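For reference, input.csv (CSV, C-alpha atoms):
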chain,number,residue,atom,x,y,z
A,1,MET,CA,245.0,67.7,-16.8
A,2,ARG,CA,241.3,67.4,-16.1
A,3,PRO,CA,240.4,64.2,-14.4
A,4,PHE,CA,238.5,61.3,-16.1
A,5,LEU,CA,235.1,60.2,-14.8
A,6,LEU,CA,234.3,56.5,-14.1
A,7,LEU,CA,230.6,55.7,-13.9
A,8,ALA,CA,230.2,52.4,-12.0
A,9,SER,CA,227.1,50.3,-11.2
A,10,ARG,CA,228.3,47.3,-9.2
A,11,ALA,CA,226.5,47.1,-5.8
A,12,GLU,CA,229.0,44.6,-4.4
A,13,ASP,CA,231.9,46.4,-2.8
A,14,GLU,CA,234.5,43.8,-3.6
A,15,ALA,CA,233.7,43.8,-7.3
A,16,ALA,CA,233.3,47.6,-7.4
A,17,ASP,CA,236.6,48.3,-5.7
A,18,ASP,CA,238.4,45.6,-7.8
A,19,GLU,CA,237.0,47.2,-11.0
A,20,TYR,CA,238.2,50.7,-9.9
A,21,ALA,CA,241.6,49.4,-9.0
A,22,ALA,CA,241.9,47.8,-12.5
A,23,PHE,CA,240.9,51.0,-14.3
A,24,LEU,CA,243.5,52.9,-12.2
A,25,ARG,CA,246.2,50.4,-13.0
A,26,LEU,CA,245.6,50.1,-16.7
A,27,THR,CA,245.1,53.8,-17.4
A,28,GLY,CA,248.0,54.8,-15.2
A,29,LEU,CA,245.8,57.4,-13.5
A,30,ALA,CA,246.0,58.3,-9.9
A,31,GLU,CA,242.8,58.3,-7.8
A,32,HIS,CA,242.5,62.1,-8.0
A,33,GLU,CA,242.7,61.8,-11.8
A,34,LEU,CA,239.9,59.2,-12.0
A,35,ARG,CA,236.7,60.2,-10.2
A,36,ARG,CA,234.4,57.3,-9.5
A,37,VAL,CA,230.7,57.7,-9.2
A,38,ARG,CA,228.8,54.6,-8.0
A,39,MET,CA,225.5,55.1,-9.8
A,40,GLU,CA,223.7,52.2,-8.1
A,41,ALA,CA,224.3,53.9,-4.7
A,42,GLY,CA,222.1,56.9,-5.2
A,43,PRO,CA,221.0,59.6,-7.7
A,44,LEU,CA,223.6,60.7,-10.1
A,45,PRO,CA,225.2,64.0,-8.9
A,46,GLU,CA,225.1,67.0,-11.1
A,47,LEU,CA,227.9,66.5,-13.7
A,48,HIS,CA,229.5,69.1,-16.0
A,49,LEU,CA,231.2,67.1,-18.7
A,50,ASP,CA,233.5,70.0,-19.5
A,51,ASP,CA,235.2,69.3,-16.2
A,52,TYR,CA,236.4,65.9,-17.4
A,53,SER,CA,238.9,64.7,-20.0
A,54,GLY,CA,236.7,61.7,-20.8
A,55,VAL,CA,234.0,59.4,-19.4
A,56,LEU,CA,234.4,55.7,-18.7
A,57,LEU,CA,231.3,53.5,-18.1
A,58,GLY,CA,232.0,50.2,-16.3
A,59,GLY,CA,230.2,46.9,-16.5
A,60,GLY,CA,227.9,45.3,-14.0
A,61,PRO,CA,224.9,42.9,-13.7
A,62,TYR,CA,222.4,45.2,-15.4
A,63,ASN,CA,221.0,44.1,-18.7
A,64,SER,CA,219.7,46.9,-21.0
A,65,SER,CA,217.4,44.4,-22.9
A,66,ASP,CA,215.5,43.1,-19.8
A,67,PRO,CA,211.8,44.0,-19.7
A,68,PRO,CA,211.2,47.1,-17.6
A,69,GLU,CA,209.2,45.2,-15.0
A,70,GLU,CA,212.1,42.9,-14.4
A,71,LYS,CA,214.6,45.7,-13.8
A,72,SER,CA,215.2,46.9,-10.2
A,73,ALA,CA,214.2,50.4,-9.2
A,74,ALA,CA,217.9,51.3,-9.1
A,75,GLN,CA,218.5,50.1,-12.6
A,76,ARG,CA,215.6,52.0,-14.0
A,77,ARG,CA,216.8,55.1,-12.2
A,78,VAL,CA,220.4,54.6,-13.5
A,79,GLU,CA,219.2,54.2,-17.1
A,80,ALA,CA,217.0,57.3,-16.9
A,81,GLU,CA,220.0,59.3,-15.6
A,82,LEU,CA,222.3,57.9,-18.3
A,83,GLN,CA,220.0,58.9,-21.1
A,84,PRO,CA,220.6,62.7,-21.0
A,85,LEU,CA,224.3,62.2,-20.3
A,86,LEU,CA,224.6,60.0,-23.4
A,87,ASP,CA,222.6,62.5,-25.4
A,88,GLU,CA,225.2,65.1,-24.6
A,89,VAL,CA,228.2,62.8,-25.1
A,90,VAL,CA,227.0,61.8,-28.6
A,91,ALA,CA,225.8,65.2,-29.7
A,92,ARG,CA,229.2,66.8,-28.7
A,93,ASP,CA,231.2,63.7,-29.7
A,94,LEU,CA,232.9,63.8,-26.2
A,95,PRO,CA,235.5,61.1,-25.3
A,96,PHE,CA,233.6,58.1,-23.9
A,97,LEU,CA,234.4,54.5,-23.4
A,98,GLY,CA,231.7,52.0,-22.2
A,99,ALA,CA,232.7,48.5,-21.3
A,100,CYS,CA,230.2,45.5,-21.4
A,101,TYR,CA,227.1,47.2,-19.9
A,102,GLY,CA,228.4,50.3,-21.7
A,103,ILE,CA,227.9,48.7,-25.1
A,104,GLY,CA,224.4,47.7,-24.3
A,105,THR,CA,223.5,51.1,-23.0
A,106,LEU,CA,225.2,53.0,-25.9
A,107,GLY,CA,223.9,50.4,-28.4
A,108,VAL,CA,220.3,50.9,-27.4
A,109,HIS,CA,220.7,54.7,-27.2
A,110,GLN,CA,222.0,54.8,-30.8
A,111,GLY,CA,219.3,52.6,-32.3
A,112,GLY,CA,221.0,49.2,-32.3
A,113,VAL,CA,219.3,46.0,-31.3
A,114,VAL,CA,220.5,44.5,-27.9
A,115,ASP,CA,219.2,41.1,-26.9
A,116,ARG,CA,220.3,37.7,-25.6
A,117,THR,CA,221.2,36.2,-29.0
A,118,TYR,CA,224.9,36.5,-28.6
A,119,GLY,CA,225.5,36.2,-24.9
A,120,GLU,CA,228.8,34.6,-23.9
A,121,PRO,CA,229.8,32.5,-20.9
A,122,VAL,CA,232.5,33.7,-18.6
A,123,SER,CA,235.6,32.8,-20.7
A,124,CYS,CA,238.6,34.0,-22.6
A,125,VAL,CA,237.9,34.4,-26.3
A,126,PRO,CA,239.8,35.5,-29.4
A,127,ILE,CA,238.8,39.0,-30.6
A,128,VAL,CA,239.5,40.1,-34.2
A,129,LEU,CA,239.9,43.7,-35.2
A,130,THR,CA,238.2,44.9,-38.4
A,131,SER,CA,240.0,47.1,-40.9
A,132,ALA,CA,238.4,50.1,-39.2
A,133,GLY,CA,239.7,48.8,-35.8
A,134,GLN,CA,243.2,48.3,-37.1
A,135,ALA,CA,243.2,52.0,-38.2
A,136,ASP,CA,241.7,53.3,-35.0
A,137,PRO,CA,244.0,55.2,-32.6
A,138,VAL,CA,242.4,53.8,-29.5
A,139,LEU,CA,243.4,50.3,-30.7
A,140,ASP,CA,247.0,51.4,-31.7
A,141,GLY,CA,249.4,48.6,-30.9
A,142,VAL,CA,246.7,46.0,-30.3
A,143,PRO,CA,247.2,42.9,-32.5
A,144,GLU,CA,244.7,42.1,-35.2
A,145,VAL,CA,243.8,39.0,-33.1
A,146,PHE,CA,244.0,39.0,-29.3
A,147,ASP,CA,242.5,37.2,-26.3
A,148,ALA,CA,240.1,39.0,-24.0
A,149,LEU,CA,237.8,38.1,-21.1
A,150,VAL,CA,234.0,38.1,-21.6
A,151,GLY,CA,230.9,37.1,-19.7
A,152,HIS,CA,227.6,38.7,-20.6
A,153,LYS,CA,224.0,37.7,-21.0
A,154,GLU,CA,223.1,40.2,-23.7
A,155,ALA,CA,225.0,41.7,-26.6
A,156,CYS,CA,224.5,44.0,-29.6
A,157,ARG,CA,222.8,41.9,-32.3
A,158,VAL,CA,222.3,44.7,-34.8
A,159,LEU,CA,225.0,47.4,-35.0
A,160,PRO,CA,223.7,51.0,-34.5
A,161,PRO,CA,223.3,52.6,-38.0
A,162,SER,CA,225.8,55.4,-37.1
A,163,ALA,CA,228.4,53.0,-35.7
A,164,ALA,CA,231.8,51.8,-37.1
A,165,LEU,CA,232.4,48.2,-36.2
A,166,LEU,CA,236.0,47.9,-34.7
A,167,ALA,CA,236.1,44.4,-33.4
A,168,THR,CA,234.3,41.1,-33.6
A,169,SER,CA,234.5,37.5,-32.5
A,170,ALA,CA,233.1,34.1,-33.7
A,171,ALA,CA,230.4,33.9,-31.1
A,172,CYS,CA,229.6,37.6,-30.7
A,173,PRO,CA,229.7,39.7,-33.9
A,174,VAL,CA,229.8,43.1,-32.2
A,175,GLN,CA,232.7,43.3,-29.7
A,176,MET,CA,233.6,46.9,-30.2
A,177,PHE,CA,232.3,49.9,-32.1
A,178,ARG,CA,232.7,53.7,-32.4
A,179,ILE,CA,230.2,56.4,-32.8
A,180,GLY,CA,231.5,59.6,-34.4
A,181,GLN,CA,235.2,60.0,-33.7
A,182,ASN,CA,235.4,59.8,-29.9
A,183,VAL,CA,232.6,57.6,-28.5
A,184,TYR,CA,233.6,54.0,-28.0
A,185,ALA,CA,232.1,50.8,-26.5
A,186,THR,CA,233.4,47.3,-26.0
A,187,GLN,CA,231.6,44.0,-25.2
A,188,PHE,CA,234.8,42.4,-23.9
A,189,HIS,CA,236.3,43.8,-20.7
A,190,PRO,CA,239.4,45.9,-21.4
A,191,GLU,CA,240.0,46.2,-17.6
A,192,LEU,CA,239.9,42.5,-16.8
A,193,ASP,CA,242.9,40.2,-16.2
A,194,VAL,CA,242.8,36.7,-14.9
A,195,ALA,CA,242.9,37.7,-11.2
A,196,GLY,CA,240.1,40.2,-11.8
A,197,VAL,CA,237.8,37.7,-13.6
A,198,VAL,CA,238.3,35.2,-10.8
A,199,THR,CA,237.2,37.8,-8.3
A,200,ARG,CA,234.1,38.5,-10.3
A,201,ALA,CA,233.3,34.8,-10.7
A,202,ARG,CA,233.3,34.4,-7.0
A,203,VAL,CA,231.3,37.6,-6.4
A,204,TYR,CA,228.7,36.7,-9.0
A,205,GLN,CA,228.6,33.0,-8.4
A,206,HIS,CA,224.8,33.1,-8.0
A,207,ALA,CA,224.0,35.8,-10.5
A,208,GLY,CA,223.1,33.5,-13.4
A,209,TYR,CA,226.3,33.7,-15.5
A,210,PHE,CA,227.1,30.0,-14.8
A,211,PRO,CA,225.8,27.1,-12.7
A,212,PRO,CA,227.0,27.9,-9.1
A,213,ALA,CA,228.3,24.4,-8.5
A,214,GLU,CA,230.7,24.8,-11.4
A,215,LEU,CA,232.6,27.8,-9.8
A,216,GLU,CA,235.9,26.0,-9.0
A,217,GLU,CA,235.9,24.2,-12.4
A,218,LEU,CA,235.4,27.6,-14.1
A,219,ILE,CA,238.1,29.2,-12.1
A,220,ALA,CA,240.5,26.4,-13.0
A,221,ARG,CA,239.8,27.1,-16.7
A,222,LEU,CA,240.2,30.8,-16.4
A,223,ARG,CA,243.5,30.5,-14.6
A,224,THR,CA,245.0,29.1,-17.9
A,225,ALA,CA,244.2,32.2,-19.9
A,226,VAL,CA,246.8,34.6,-21.0
A,227,VAL,CA,245.4,38.1,-21.3
A,228,SER,CA,247.9,40.9,-22.1
A,229,GLU,CA,246.4,43.1,-24.8
A,230,PRO,CA,242.9,44.5,-23.8
A,231,GLY,CA,244.3,47.0,-21.3
A,232,ARG,CA,246.0,48.8,-24.2
A,233,VAL,CA,242.5,50.1,-25.1
A,234,LEU,CA,242.3,51.9,-21.8
A,235,ALA,CA,245.9,53.2,-21.9
A,236,ASN,CA,245.4,54.5,-25.4
A,237,PHE,CA,242.1,56.1,-24.6
A,238,VAL,CA,243.6,58.0,-21.7
A,239,ALA,CA,246.8,59.0,-23.6
A,240,ARG,CA,244.7,60.3,-26.5
A,241,TYR,CA,242.3,62.4,-24.4
A,242,ALA,CA,244.3,63.5,-21.4
Translate the structure of the given file into structure tokens.
Amino acid sequence: MRPFLLLASRAEDEAADDEYAAFLRLTGLAEHELRRVRMEAGPLPELHLDDYSGVLLGGGPYNSSDPPEEKSAAQRRVEAELQPLLDEVVARDLPFLGACYGIGTLGVHQGGVVDRTYGEPVSCVPIVLTSAGQADPVLDGVPEVFDALVGHKEACRVLPPSAALLATSAACPVQMFRIGQNVYATQFHPELDVAGVVTRARVYQHAGYFPPAELEELIARLRTAVVSEPGRVLANFVARYA
């Protein structure tokens, strides 16, 4: 089996390593089967997508819709490097799954509108599959309504014209879509469980997702969540394309 590729952008080691561990656990892949590239750390190495079974793009603090002058030099570089990669992924309809930042990046790339209209606080919310989502193999076995963890400042307000909407929610209309047959993006975090979101809340306490003084209150609320289904998305993706 060819390995999968995880493109990560979290500069904080604790969050980055926890994210990688979550992807490994939920996909069932070993480390040699999931190559991680930390894009924020330096220029993207030369990648040949035929060497990989599929590409995963993790979340992070970058916002696609921020004005260019407000983006860090690292973010501007990462976005410039992702552009030709997404060009190839979409043109060839290669297996791809972007989570959170991934939906913003792919949404903009495909002509959708991404802005701060439908940002969601760090929380557990009910996700509802559309009829297309219920029929999609990457969502096989996922209930029509399930709870998932979210926390994002921006979201896709207008679906890309070529996209099939797979999942939605009351506060954020675009929670998952597909381009072509094999290119996916989610707004919710398929890799996150309660322990993972608590780790991220602590790491990003001062990143503007919530008032820093409310950290412990937020963690107490998060610990009551029951999140069992989103990981199926990753397991199904890997099973389908391995």
| Hey, which of A:Ala99, A:Cys156, A:Asp147, A:Leu86 ends up closest to A:Arg116? Count all atoms listed in the file. | A:Cys156
| Excluding same-chain residues fewer than 2 positions from stretch 12-23 of chain A, what lies within 9 Å of it counting only C-alpha atoms, as a PyMOL selection string? | chain A and resi 6+8-10+25-29+34+36+38+58-60+190-193+196+199-200+203-204+231+234
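Coordinates place atom CA of A:Val114 at a distance of 5.5 Å from atom CA of A:Ala155.
Across the model, the gap from atom CA of A:His32 to atom CA of A:Ser228 is 26.0 Å.
Nearest to A:Pro137 of all the residues A:Leu166, A:Ala73, A:Met39, A:Ala225 is A:Leu166, based on only C-alpha atoms.
The shortest atom-to-atom distance to A:Gly208, with only C-alpha atoms taken into account, belongs to A:Glu120 out of A:Glu40, A:Glu120, A:Glu144, A:Glu229.
Atom to atom, atom CA of A:Pro95 and atom CA of A:Val55 stand 6.3 Å apart.
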